[in-house]
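data.pdb (PDB, C-alpha atoms, pLDDT in the B column) appears below.
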ATOM      1  CA  MET A   1       0.000   0.000   0.000  1.00 82.00           C
ATOM      2  CA  HIS A   2       1.608   3.252  -1.160  1.00 87.00           C
ATOM      3  CA  PRO A   3      -0.849   6.122  -0.655  1.00 88.00           C
ATOM      4  CA  SER A   4       0.019   9.665  -1.681  1.00 91.00           C
ATOM      5  CA  HIS A   5       0.909  12.131   1.075  1.00 91.00           C
ATOM      6  CA  PHE A   6      -2.570  13.708   0.829  1.00 93.00           C
ATOM      7  CA  ALA A   7      -4.342  10.314   0.959  1.00 94.00           C
ATOM      8  CA  ALA A   8      -2.309   9.479   4.078  1.00 94.00           C
ATOM      9  CA  VAL A   9      -3.395  12.804   5.619  1.00 95.00           C
ATOM     10  CA  LEU A  10      -7.057  12.015   4.862  1.00 96.00           C
ATOM     11  CA  LEU A  11      -6.796   8.516   6.389  1.00 96.00           C
ATOM     12  CA  PHE A  12      -4.995   9.822   9.473  1.00 96.00           C
ATOM     13  CA  ALA A  13      -7.530  12.632   9.955  1.00 97.00           C
ATOM     14  CA  LEU A  14     -10.491  10.255   9.556  1.00 97.00           C
ATOM     15  CA  PHE A  15      -9.279   7.739  12.154  1.00 97.00           C
ATOM     16  CA  ALA A  16      -7.981  10.280  14.680  1.00 97.00           C
ATOM     17  CA  SER A  17     -11.007  12.573  14.509  1.00 97.00           C
ATOM     18  CA  THR A  18     -13.381   9.605  14.988  1.00 97.00           C
ATOM     19  CA  VAL A  19     -11.621   8.689  18.248  1.00 97.00           C
ATOM     20  CA  PHE A  20     -11.381  12.336  19.369  1.00 97.00           C
ATOM     21  CA  GLY A  21     -15.084  12.912  18.699  1.00 97.00           C
ATOM     22  CA  ILE A  22     -16.218   9.853  20.678  1.00 96.00           C
ATOM     23  CA  THR A  23     -13.881  10.340  23.625  1.00 96.00           C
ATOM     24  CA  GLN A  24     -13.970  14.122  24.094  1.00 96.00           C
ATOM     25  CA  ARG A  25     -17.733  14.793  23.983  1.00 95.00           C
ATOM     26  CA  ASP A  26     -20.769  13.390  25.837  1.00 92.00           C
ATOM     27  CA  THR A  27     -23.720  13.227  23.432  1.00 94.00           C
ATOM     28  CA  PRO A  28     -23.832  11.669  19.936  1.00 94.00           C
ATOM     29  CA  ALA A  29     -24.687  14.973  18.215  1.00 96.00           C
ATOM     30  CA  ARG A  30     -21.819  16.803  19.913  1.00 96.00           C
ATOM     31  CA  MET A  31     -19.473  13.845  19.208  1.00 96.00           C
ATOM     32  CA  PHE A  32     -20.293  14.049  15.496  1.00 97.00           C
ATOM     33  CA  ARG A  33     -19.837  17.830  15.359  1.00 97.00           C
ATOM     34  CA  TYR A  34     -16.512  17.674  17.222  1.00 97.00           C
ATOM     35  CA  GLY A  35     -15.317  14.816  14.994  1.00 97.00           C
ATOM     36  CA  VAL A  36     -16.085  16.830  11.837  1.00 98.00           C
ATOM     37  CA  TYR A  37     -14.408  19.904  13.382  1.00 98.00           C
ATOM     38  CA  CYS A  38     -11.227  17.897  14.165  1.00 97.00           C
ATOM     39  CA  PHE A  39     -11.213  16.351  10.674  1.00 98.00           C
ATOM     40  CA  LEU A  40     -11.440  19.772   9.021  1.00 98.00           C
ATOM     41  CA  LEU A  41      -8.713  21.164  11.287  1.00 97.00           C
ATOM     42  CA  PHE A  42      -6.385  18.227  10.522  1.00 97.00           C
ATOM     43  CA  VAL A  43      -6.862  18.472   6.756  1.00 97.00           C
ATOM     44  CA  GLY A  44      -7.018  22.292   6.677  1.00 97.00           C
ATOM     45  CA  SER A  45      -3.846  22.749   8.704  1.00 97.00           C
ATOM     46  CA  ALA A  46      -2.014  20.184   6.544  1.00 96.00           C
ATOM     47  CA  ILE A  47      -2.989  22.119   3.377  1.00 96.00           C
ATOM     48  CA  VAL A  48      -2.043  25.516   4.873  1.00 97.00           C
ATOM     49  CA  LEU A  49       1.308  24.250   6.187  1.00 95.00           C
ATOM     50  CA  SER A  50       2.057  22.565   2.831  1.00 94.00           C
ATOM     51  CA  TRP A  51       1.505  25.847   0.962  1.00 95.00           C
ATOM     52  CA  LEU A  52       3.638  27.717   3.508  1.00 96.00           C
ATOM     53  CA  MET A  53       6.516  25.245   3.065  1.00 95.00           C
ATOM     54  CA  PHE A  54       6.120  25.428  -0.724  1.00 94.00           C
ATOM     55  CA  LEU A  55       6.339  29.241  -0.660  1.00 95.00           C
ATOM     56  CA  ILE A  56       9.293  29.258   1.766  1.00 94.00           C
ATOM     57  CA  ALA A  57      11.211  26.742  -0.372  1.00 89.00           C
ATOM     58  CA  ARG A  58      10.891  28.851  -3.563  1.00 81.00           C
TER      59      ARG A  58
ATOM     60  CA  MET B   1     -17.834  -5.428  64.232  1.00 55.00           C
ATOM     61  CA  ALA B   2     -14.348  -6.427  63.068  1.00 60.00           C
ATOM     62  CA  THR B   3     -15.807  -9.034  60.712  1.00 63.00           C
ATOM     63  CA  GLU B   4     -18.123  -6.417  59.220  1.00 66.00           C
ATOM     64  CA  THR B   5     -15.206  -4.028  58.661  1.00 67.00           C
ATOM     65  CA  LYS B   6     -13.214  -6.796  56.944  1.00 67.00           C
ATOM     66  CA  GLN B   7     -16.201  -7.649  54.732  1.00 66.00           C
ATOM     67  CA  ASN B   8     -16.594  -3.976  53.766  1.00 67.00           C
ATOM     68  CA  ALA B   9     -12.879  -3.706  52.958  1.00 64.00           C
ATOM     69  CA  ALA B  10     -13.041  -6.858  50.811  1.00 63.00           C
ATOM     70  CA  ALA B  11     -16.137  -5.577  48.978  1.00 61.00           C
ATOM     71  CA  SER B  12     -14.457  -2.204  48.383  1.00 64.00           C
ATOM     72  CA  SER B  13     -11.321  -3.920  47.035  1.00 66.00           C
ATOM     73  CA  ALA B  14     -13.394  -6.087  44.680  1.00 64.00           C
ATOM     74  CA  ALA B  15     -15.313  -3.017  43.451  1.00 65.00           C
ATOM     75  CA  GLN B  16     -12.011  -1.224  42.777  1.00 66.00           C
ATOM     76  CA  LYS B  17     -10.784  -4.175  40.709  1.00 66.00           C
ATOM     77  CA  ILE B  18     -14.000  -4.098  38.645  1.00 73.00           C
ATOM     78  CA  ASP B  19     -13.541  -0.328  38.201  1.00 84.00           C
ATOM     79  CA  TYR B  20     -10.252  -0.917  36.352  1.00 92.00           C
ATOM     80  CA  LEU B  21     -11.572  -3.773  34.184  1.00 93.00           C
ATOM     81  CA  PRO B  22     -12.801  -1.513  31.309  1.00 93.00           C
ATOM     82  CA  LEU B  23      -9.445   0.329  31.332  1.00 95.00           C
ATOM     83  CA  ILE B  24      -7.455  -2.909  31.004  1.00 95.00           C
ATOM     84  CA  ALA B  25      -9.886  -4.491  28.516  1.00 95.00           C
ATOM     85  CA  GLY B  26      -9.841  -1.285  26.450  1.00 95.00           C
ATOM     86  CA  TRP B  27      -6.052  -1.331  26.331  1.00 96.00           C
ATOM     87  CA  LEU B  28      -5.808  -5.038  25.406  1.00 96.00           C
ATOM     88  CA  VAL B  29      -8.598  -4.992  22.789  1.00 96.00           C
ATOM     89  CA  PRO B  30      -9.464  -1.720  20.993  1.00 96.00           C
ATOM     90  CA  GLY B  31     -13.035  -0.762  21.961  1.00 95.00           C
ATOM     91  CA  GLY B  32     -13.132  -3.600  24.528  1.00 95.00           C
ATOM     92  CA  GLY B  33     -13.750  -1.272  27.474  1.00 95.00           C
ATOM     93  CA  HIS B  34     -16.796   0.239  25.767  1.00 95.00           C
ATOM     94  CA  PHE B  35     -18.094  -3.216  24.824  1.00 96.00           C
ATOM     95  CA  LEU B  36     -17.877  -4.218  28.528  1.00 95.00           C
ATOM     96  CA  LEU B  37     -20.013  -1.180  29.373  1.00 94.00           C
ATOM     97  CA  ARG B  38     -22.492  -2.170  26.633  1.00 93.00           C
ATOM     98  CA  LYS B  39     -21.659   0.878  24.525  1.00 93.00           C
ATOM     99  CA  TRP B  40     -21.764  -1.192  21.342  1.00 95.00           C
ATOM    100  CA  GLY B  41     -21.864   1.636  18.772  1.00 95.00           C
ATOM    101  CA  ARG B  42     -19.061   3.668  20.317  1.00 95.00           C
ATOM    102  CA  GLY B  43     -16.987   0.522  20.877  1.00 96.00           C
ATOM    103  CA  ALA B  44     -17.419  -0.591  17.265  1.00 97.00           C
ATOM    104  CA  LEU B  45     -16.435   2.837  15.896  1.00 97.00           C
ATOM    105  CA  LEU B  46     -13.391   3.016  18.180  1.00 97.00           C
ATOM    106  CA  ALA B  47     -12.348  -0.531  17.264  1.00 97.00           C
ATOM    107  CA  ALA B  48     -12.773   0.155  13.531  1.00 97.00           C
ATOM    108  CA  SER B  49     -10.741   3.380  13.760  1.00 97.00           C
ATOM    109  CA  ILE B  50      -7.887   1.987  15.853  1.00 97.00           C
ATOM    110  CA  VAL B  51      -7.626  -1.401  14.110  1.00 97.00           C
ATOM    111  CA  GLY B  52      -7.996   0.362  10.724  1.00 96.00           C
ATOM    112  CA  MET B  53      -5.176   2.765  11.532  1.00 96.00           C
ATOM    113  CA  PHE B  54      -2.947  -0.063  12.800  1.00 96.00           C
ATOM    114  CA  ALA B  55      -3.700  -2.177   9.693  1.00 96.00           C
ATOM    115  CA  CYS B  56      -2.994   0.771   7.364  1.00 95.00           C
ATOM    116  CA  GLY B  57       0.311   1.282   9.181  1.00 95.00           C
ATOM    117  CA  LEU B  58       1.275  -2.358   8.639  1.00 94.00           C
ATOM    118  CA  ALA B  59       0.118  -2.246   4.995  1.00 94.00           C
ATOM    119  CA  MET B  60       2.410   0.762   4.442  1.00 93.00           C
ATOM    120  CA  GLN B  61       5.314  -1.399   5.753  1.00 92.00           C
ATOM    121  CA  GLY B  62       5.561   0.603   8.959  1.00 93.00           C
ATOM    122  CA  LYS B  63       8.150  -0.388  11.547  1.00 90.00           C
ATOM    123  CA  LEU B  64       7.119  -2.265  14.708  1.00 92.00           C
ATOM    124  CA  TYR B  65       9.539  -1.415  17.508  1.00 89.00           C
ATOM    125  CA  SER B  66      10.938  -4.470  19.271  1.00 84.00           C
ATOM    126  CA  GLY B  67      13.703  -2.920  21.350  1.00 80.00           C
ATOM    127  CA  VAL B  68      15.331   0.359  22.215  1.00 81.00           C
ATOM    128  CA  GLN B  69      18.490   1.468  20.413  1.00 82.00           C
ATOM    129  CA  ASP B  70      18.296   5.190  21.263  1.00 85.00           C
ATOM    130  CA  VAL B  71      16.204   7.561  23.370  1.00 85.00           C
ATOM    131  CA  LEU B  72      13.715   8.367  20.599  1.00 84.00           C
ATOM    132  CA  ASP B  73      12.989   4.653  20.169  1.00 86.00           C
ATOM    133  CA  ILE B  74      11.534   4.654  23.700  1.00 91.00           C
ATOM    134  CA  LEU B  75       8.738   6.961  22.507  1.00 91.00           C
ATOM    135  CA  GLY B  76       8.071   4.764  19.470  1.00 91.00           C
ATOM    136  CA  LEU B  77       7.977   1.632  21.593  1.00 92.00           C
ATOM    137  CA  ALA B  78       5.634   3.299  24.120  1.00 93.00           C
ATOM    138  CA  GLY B  79       3.254   4.237  21.289  1.00 94.00           C
ATOM    139  CA  ASP B  80       3.384   0.709  19.836  1.00 94.00           C
ATOM    140  CA  LEU B  81       2.724  -0.898  23.238  1.00 95.00           C
ATOM    141  CA  GLY B  82      -0.465   1.161  23.487  1.00 96.00           C
ATOM    142  CA  ASN B  83      -1.960  -1.156  20.852  1.00 96.00           C
ATOM    143  CA  GLY B  84      -2.187  -3.967  23.430  1.00 94.00           C
ATOM    144  CA  LEU B  85      -2.820  -7.393  21.928  1.00 96.00           C
ATOM    145  CA  LEU B  86      -2.677  -6.012  18.363  1.00 95.00           C
ATOM    146  CA  PHE B  87       1.018  -5.303  18.903  1.00 94.00           C
ATOM    147  CA  VAL B  88       1.661  -8.760  20.407  1.00 94.00           C
ATOM    148  CA  VAL B  89      -0.181 -10.549  17.580  1.00 95.00           C
ATOM    149  CA  ALA B  90       1.637  -8.500  14.910  1.00 94.00           C
ATOM    150  CA  ARG B  91       5.024  -9.221  16.520  1.00 92.00           C
ATOM    151  CA  VAL B  92       4.298 -12.949  16.825  1.00 93.00           C
ATOM    152  CA  ALA B  93       3.074 -13.101  13.199  1.00 93.00           C
ATOM    153  CA  GLY B  94       6.223 -11.296  12.055  1.00 89.00           C
ATOM    154  CA  LEU B  95       4.293  -8.384  10.534  1.00 90.00           C
ATOM    155  CA  GLY B  96       5.735  -4.912  10.115  1.00 83.00           C
ATOM    156  CA  ALA B  97       9.122  -3.890   8.779  1.00 81.00           C
ATOM    157  CA  ASP B  98      12.359  -3.965  10.767  1.00 78.00           C
ATOM    158  CA  GLN B  99      13.703  -0.891   8.998  1.00 79.00           C
ATOM    159  CA  VAL B 100      12.072   2.047   7.229  1.00 77.00           C
ATOM    160  CA  MET B 101      13.041   1.733   3.552  1.00 77.00           C
ATOM    161  CA  VAL B 102      10.480   3.880   1.676  1.00 84.00           C
ATOM    162  CA  THR B 103       8.620   7.139   2.403  1.00 83.00           C
ATOM    163  CA  THR B 104       5.269   5.436   2.980  1.00 87.00           C
ATOM    164  CA  ALA B 105       6.917   3.172   5.574  1.00 91.00           C
ATOM    165  CA  ASP B 106       7.680   6.291   7.597  1.00 91.00           C
ATOM    166  CA  TYR B 107       3.980   7.256   7.438  1.00 93.00           C
ATOM    167  CA  GLY B 108       3.121   3.667   8.416  1.00 94.00           C
ATOM    168  CA  THR B 109       5.385   3.786  11.467  1.00 94.00           C
ATOM    169  CA  LYS B 110       3.591   6.944  12.635  1.00 94.00           C
ATOM    170  CA  PHE B 111       0.180   5.368  11.948  1.00 96.00           C
ATOM    171  CA  ILE B 112       1.063   2.383  14.186  1.00 96.00           C
ATOM    172  CA  GLY B 113       2.357   4.603  17.008  1.00 95.00           C
ATOM    173  CA  VAL B 114      -0.634   6.974  16.867  1.00 96.00           C
ATOM    174  CA  ALA B 115      -3.068   4.019  16.785  1.00 97.00           C
ATOM    175  CA  GLY B 116      -1.545   2.950  20.126  1.00 96.00           C
ATOM    176  CA  LEU B 117      -1.937   6.437  21.603  1.00 97.00           C
ATOM    177  CA  LEU B 118      -5.552   6.645  20.384  1.00 97.00           C
ATOM    178  CA  ASN B 119      -6.194   3.232  21.963  1.00 97.00           C
ATOM    179  CA  ILE B 120      -4.971   4.555  25.314  1.00 97.00           C
ATOM    180  CA  ILE B 121      -7.301   7.589  24.993  1.00 97.00           C
ATOM    181  CA  ALA B 122     -10.207   5.200  24.255  1.00 97.00           C
ATOM    182  CA  ALA B 123      -9.325   2.976  27.250  1.00 96.00           C
ATOM    183  CA  VAL B 124      -9.180   5.995  29.584  1.00 96.00           C
ATOM    184  CA  ASP B 125     -12.569   7.118  28.208  1.00 95.00           C
ATOM    185  CA  ALA B 126     -14.027   3.693  29.117  1.00 95.00           C
ATOM    186  CA  HIS B 127     -12.573   4.077  32.618  1.00 95.00           C
ATOM    187  CA  ARG B 128     -14.155   7.532  32.969  1.00 94.00           C
ATOM    188  CA  LEU B 129     -17.518   6.100  31.868  1.00 94.00           C
ATOM    189  CA  ARG B 130     -17.138   3.290  34.431  1.00 93.00           C
ATOM    190  CA  ASN B 131     -16.370   5.530  37.411  1.00 89.00           C
ATOM    191  CA  GLY B 132     -19.019   8.120  36.506  1.00 87.00           C
ATOM    192  CA  ARG B 133     -16.745  11.025  35.567  1.00 84.00           C
ATOM    193  CA  LYS B 134     -18.342  10.984  32.118  1.00 85.00           C
ATOM    194  CA  PRO B 135     -22.124  10.458  31.807  1.00 84.00           C
ATOM    195  CA  LEU B 136     -23.099   7.097  30.293  1.00 77.00           C
TER     196      LEU B 136
END

Spit out the file's structure as C-alpha coordinates when you get a sec.
Amino acid sequence: MHPSHFAAVLLFALFASTVFGITQRDTPARMFRYGVYCFLLFVGSAIVLSWLMFLIAR
Amino acid sequence: MATETKQNAAASSAAQKIDYLPLIAGWLVPGGGHFLLRKWGRGALLAASIVGMFACGLAMQGKLYSGVQDVLDILGLAGDLGNGLLFVVARVAGLGADQVMVTTADYGTKFIGVAGLLNIIAAVDAHRLRNGRKPL
(Lines of atoms letter the chains of each structure in order from A and count residues from 1; the text may use other names and numbers.)
(Lines give C-alpha, C1' and ligand atoms only; values in the text may rest on other atoms or scores of the structure.)
Protein backbone atom coordinates (compact mmCIF):
# COMPACT_ATOMS: atom_id res chain seq x y z
CA MET A 1 0.00 0.00 0.00
CA HIS A 2 1.61 3.25 -1.16
CA PRO A 3 -0.85 6.12 -0.66
CA SER A 4 0.02 9.67 -1.68
CA HIS A 5 0.91 12.13 1.07
CA PHE A 6 -2.57 13.71 0.83
CA ALA A 7 -4.34 10.31 0.96
CA ALA A 8 -2.31 9.48 4.08
CA VAL A 9 -3.39 12.80 5.62
CA LEU A 10 -7.06 12.02 4.86
CA LEU A 11 -6.80 8.52 6.39
CA PHE A 12 -4.99 9.82 9.47
CA ALA A 13 -7.53 12.63 9.96
CA LEU A 14 -10.49 10.25 9.56
CA PHE A 15 -9.28 7.74 12.15
CA ALA A 16 -7.98 10.28 14.68
CA SER A 17 -11.01 12.57 14.51
CA THR A 18 -13.38 9.60 14.99
CA VAL A 19 -11.62 8.69 18.25
CA PHE A 20 -11.38 12.34 19.37
CA GLY A 21 -15.08 12.91 18.70
CA ILE A 22 -16.22 9.85 20.68
CA THR A 23 -13.88 10.34 23.62
CA GLN A 24 -13.97 14.12 24.09
CA ARG A 25 -17.73 14.79 23.98
CA ASP A 26 -20.77 13.39 25.84
CA THR A 27 -23.72 13.23 23.43
CA PRO A 28 -23.83 11.67 19.94
CA ALA A 29 -24.69 14.97 18.22
CA ARG A 30 -21.82 16.80 19.91
CA MET A 31 -19.47 13.85 19.21
CA PHE A 32 -20.29 14.05 15.50
CA ARG A 33 -19.84 17.83 15.36
CA TYR A 34 -16.51 17.67 17.22
CA GLY A 35 -15.32 14.82 14.99
CA VAL A 36 -16.09 16.83 11.84
CA TYR A 37 -14.41 19.90 13.38
CA CYS A 38 -11.23 17.90 14.16
CA PHE A 39 -11.21 16.35 10.67
CA LEU A 40 -11.44 19.77 9.02
CA LEU A 41 -8.71 21.16 11.29
CA PHE A 42 -6.38 18.23 10.52
CA VAL A 43 -6.86 18.47 6.76
CA GLY A 44 -7.02 22.29 6.68
CA SER A 45 -3.85 22.75 8.70
CA ALA A 46 -2.01 20.18 6.54
CA ILE A 47 -2.99 22.12 3.38
CA VAL A 48 -2.04 25.52 4.87
CA LEU A 49 1.31 24.25 6.19
CA SER A 50 2.06 22.57 2.83
CA TRP A 51 1.51 25.85 0.96
CA LEU A 52 3.64 27.72 3.51
CA MET A 53 6.52 25.25 3.06
CA PHE A 54 6.12 25.43 -0.72
CA LEU A 55 6.34 29.24 -0.66
CA ILE A 56 9.29 29.26 1.77
CA ALA A 57 11.21 26.74 -0.37
CA ARG A 58 10.89 28.85 -3.56
CA MET B 1 -17.83 -5.43 64.23
CA ALA B 2 -14.35 -6.43 63.07
CA THR B 3 -15.81 -9.03 60.71
CA GLU B 4 -18.12 -6.42 59.22
CA THR B 5 -15.21 -4.03 58.66
CA LYS B 6 -13.21 -6.80 56.94
CA GLN B 7 -16.20 -7.65 54.73
CA ASN B 8 -16.59 -3.98 53.77
CA ALA B 9 -12.88 -3.71 52.96
CA ALA B 10 -13.04 -6.86 50.81
CA ALA B 11 -16.14 -5.58 48.98
CA SER B 12 -14.46 -2.20 48.38
CA SER B 13 -11.32 -3.92 47.04
CA ALA B 14 -13.39 -6.09 44.68
CA ALA B 15 -15.31 -3.02 43.45
CA GLN B 16 -12.01 -1.22 42.78
CA LYS B 17 -10.78 -4.18 40.71
CA ILE B 18 -14.00 -4.10 38.64
CA ASP B 19 -13.54 -0.33 38.20
CA TYR B 20 -10.25 -0.92 36.35
CA LEU B 21 -11.57 -3.77 34.18
CA PRO B 22 -12.80 -1.51 31.31
CA LEU B 23 -9.45 0.33 31.33
CA ILE B 24 -7.45 -2.91 31.00
CA ALA B 25 -9.89 -4.49 28.52
CA GLY B 26 -9.84 -1.29 26.45
CA TRP B 27 -6.05 -1.33 26.33
CA LEU B 28 -5.81 -5.04 25.41
CA VAL B 29 -8.60 -4.99 22.79
CA PRO B 30 -9.46 -1.72 20.99
CA GLY B 31 -13.03 -0.76 21.96
CA GLY B 32 -13.13 -3.60 24.53
CA GLY B 33 -13.75 -1.27 27.47
CA HIS B 34 -16.80 0.24 25.77
CA PHE B 35 -18.09 -3.22 24.82
CA LEU B 36 -17.88 -4.22 28.53
CA LEU B 37 -20.01 -1.18 29.37
CA ARG B 38 -22.49 -2.17 26.63
CA LYS B 39 -21.66 0.88 24.52
CA TRP B 40 -21.76 -1.19 21.34
CA GLY B 41 -21.86 1.64 18.77
CA ARG B 42 -19.06 3.67 20.32
CA GLY B 43 -16.99 0.52 20.88
CA ALA B 44 -17.42 -0.59 17.27
CA LEU B 45 -16.43 2.84 15.90
CA LEU B 46 -13.39 3.02 18.18
CA ALA B 47 -12.35 -0.53 17.26
CA ALA B 48 -12.77 0.16 13.53
CA SER B 49 -10.74 3.38 13.76
CA ILE B 50 -7.89 1.99 15.85
CA VAL B 51 -7.63 -1.40 14.11
CA GLY B 52 -8.00 0.36 10.72
CA MET B 53 -5.18 2.77 11.53
CA PHE B 54 -2.95 -0.06 12.80
CA ALA B 55 -3.70 -2.18 9.69
CA CYS B 56 -2.99 0.77 7.36
CA GLY B 57 0.31 1.28 9.18
CA LEU B 58 1.28 -2.36 8.64
CA ALA B 59 0.12 -2.25 4.99
CA MET B 60 2.41 0.76 4.44
CA GLN B 61 5.31 -1.40 5.75
CA GLY B 62 5.56 0.60 8.96
CA LYS B 63 8.15 -0.39 11.55
CA LEU B 64 7.12 -2.27 14.71
CA TYR B 65 9.54 -1.42 17.51
CA SER B 66 10.94 -4.47 19.27
CA GLY B 67 13.70 -2.92 21.35
CA VAL B 68 15.33 0.36 22.21
CA GLN B 69 18.49 1.47 20.41
CA ASP B 70 18.30 5.19 21.26
CA VAL B 71 16.20 7.56 23.37
CA LEU B 72 13.72 8.37 20.60
CA ASP B 73 12.99 4.65 20.17
CA ILE B 74 11.53 4.65 23.70
CA LEU B 75 8.74 6.96 22.51
CA GLY B 76 8.07 4.76 19.47
CA LEU B 77 7.98 1.63 21.59
CA ALA B 78 5.63 3.30 24.12
CA GLY B 79 3.25 4.24 21.29
CA ASP B 80 3.38 0.71 19.84
CA LEU B 81 2.72 -0.90 23.24
CA GLY B 82 -0.47 1.16 23.49
CA ASN B 83 -1.96 -1.16 20.85
CA GLY B 84 -2.19 -3.97 23.43
CA LEU B 85 -2.82 -7.39 21.93
CA LEU B 86 -2.68 -6.01 18.36
CA PHE B 87 1.02 -5.30 18.90
CA VAL B 88 1.66 -8.76 20.41
CA VAL B 89 -0.18 -10.55 17.58
CA ALA B 90 1.64 -8.50 14.91
CA ARG B 91 5.02 -9.22 16.52
CA VAL B 92 4.30 -12.95 16.83
CA ALA B 93 3.07 -13.10 13.20
CA GLY B 94 6.22 -11.30 12.05
CA LEU B 95 4.29 -8.38 10.53
CA GLY B 96 5.74 -4.91 10.11
CA ALA B 97 9.12 -3.89 8.78
CA ASP B 98 12.36 -3.96 10.77
CA GLN B 99 13.70 -0.89 9.00
CA VAL B 100 12.07 2.05 7.23
CA MET B 101 13.04 1.73 3.55
CA VAL B 102 10.48 3.88 1.68
CA THR B 103 8.62 7.14 2.40
CA THR B 104 5.27 5.44 2.98
CA ALA B 105 6.92 3.17 5.57
CA ASP B 106 7.68 6.29 7.60
CA TYR B 107 3.98 7.26 7.44
CA GLY B 108 3.12 3.67 8.42
CA THR B 109 5.39 3.79 11.47
CA LYS B 110 3.59 6.94 12.63
CA PHE B 111 0.18 5.37 11.95
CA ILE B 112 1.06 2.38 14.19
CA GLY B 113 2.36 4.60 17.01
CA VAL B 114 -0.63 6.97 16.87
CA ALA B 115 -3.07 4.02 16.79
CA GLY B 116 -1.55 2.95 20.13
CA LEU B 117 -1.94 6.44 21.60
CA LEU B 118 -5.55 6.64 20.38
CA ASN B 119 -6.19 3.23 21.96
CA ILE B 120 -4.97 4.56 25.31
CA ILE B 121 -7.30 7.59 24.99
CA ALA B 122 -10.21 5.20 24.26
CA ALA B 123 -9.32 2.98 27.25
CA VAL B 124 -9.18 6.00 29.58
CA ASP B 125 -12.57 7.12 28.21
CA ALA B 126 -14.03 3.69 29.12
CA HIS B 127 -12.57 4.08 32.62
CA ARG B 128 -14.15 7.53 32.97
CA LEU B 129 -17.52 6.10 31.87
CA ARG B 130 -17.14 3.29 34.43
CA ASN B 131 -16.37 5.53 37.41
CA GLY B 132 -19.02 8.12 36.51
CA ARG B 133 -16.74 11.02 35.57
CA LYS B 134 -18.34 10.98 32.12
CA PRO B 135 -22.12 10.46 31.81
CA LEU B 136 -23.10 7.10 30.29

Margin query: Only residues of chain B matter here; which ones have an atom within 7 Å of chain A, counting all atoms listed in the file? Give them as number ranges by chain.
Written below: B: 42, 46, 49-50, 53, 59-60, 104, 118, 122, 125, 135

Next item on the list: Find the residues near segment 61-75 of chain B: any atom within 10 Å, counting all atoms listed in the file, skip ones fewer than 4 places away on the same chain, and give them as a count of residues only.
Entry: 32

Checklist line | Shell of 7 Å around segment 24-35 of chain B, all atoms listed in the file, local chain residues under 5 positions omitted, as number ranges by chain | finding: B: 40, 42-44, 46-47, 50, 82-85, 119-120, 122-123, 126

Margin query: Using the chain letters and numbers from this file, what does the PyMOL selection byres ((chain A and resi 43) around 10) select? Give the answer as JSON, numbers by chain.
Written below: {"A": [6, 9, 10, 11, 12, 13, 14, 38, 39, 40, 41, 42, 44, 45, 46, 47, 48]}

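Across the structure, atom CA of Met53 of chain A and atom CA of Tyr34 of chain A are spaced 28.1 Å apart.
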
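Compared by their closest atoms to Leu37 of chain B, and using all atoms listed in the file, the residues B:Ala115, B:Leu21, B:Leu86, B:Val51 rank with B:Leu21 nearest.
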
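We find atom CA of Lys134 of chain B and atom CA of Asp19 of chain B to be spaced 13.7 Å apart.
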
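Reported to one decimal place, the separation of atom CA of Ala48 of chain B from atom CA of Gly132 of chain B is 25.1 Å.
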
Next item on the list: Compare B:Leu117, B:Ile18, B:Leu129, B:Val92 by their minimum atom-to-atom distance to Leu77 of chain B, counting all atoms listed in the file, and give me the closest one.
Entry: B:Leu117

Taking all atoms of segment 63-73 of chain B that the file lists, what box with edges along x, y and z, padded by 6 Å per side, do you get, with centre and edge lengths in Å to one decimal, as JSON?
{"center_x": 12.8, "center_y": 1.9, "center_z": 17.5, "size_x": 23.4, "size_y": 24.8, "size_z": 23.8}

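Distance check against Tyr20 of chain B using only C-alpha atoms: of B:Val114, B:Val88, B:Val124, B:Ala93, the minimum falls on B:Val124.
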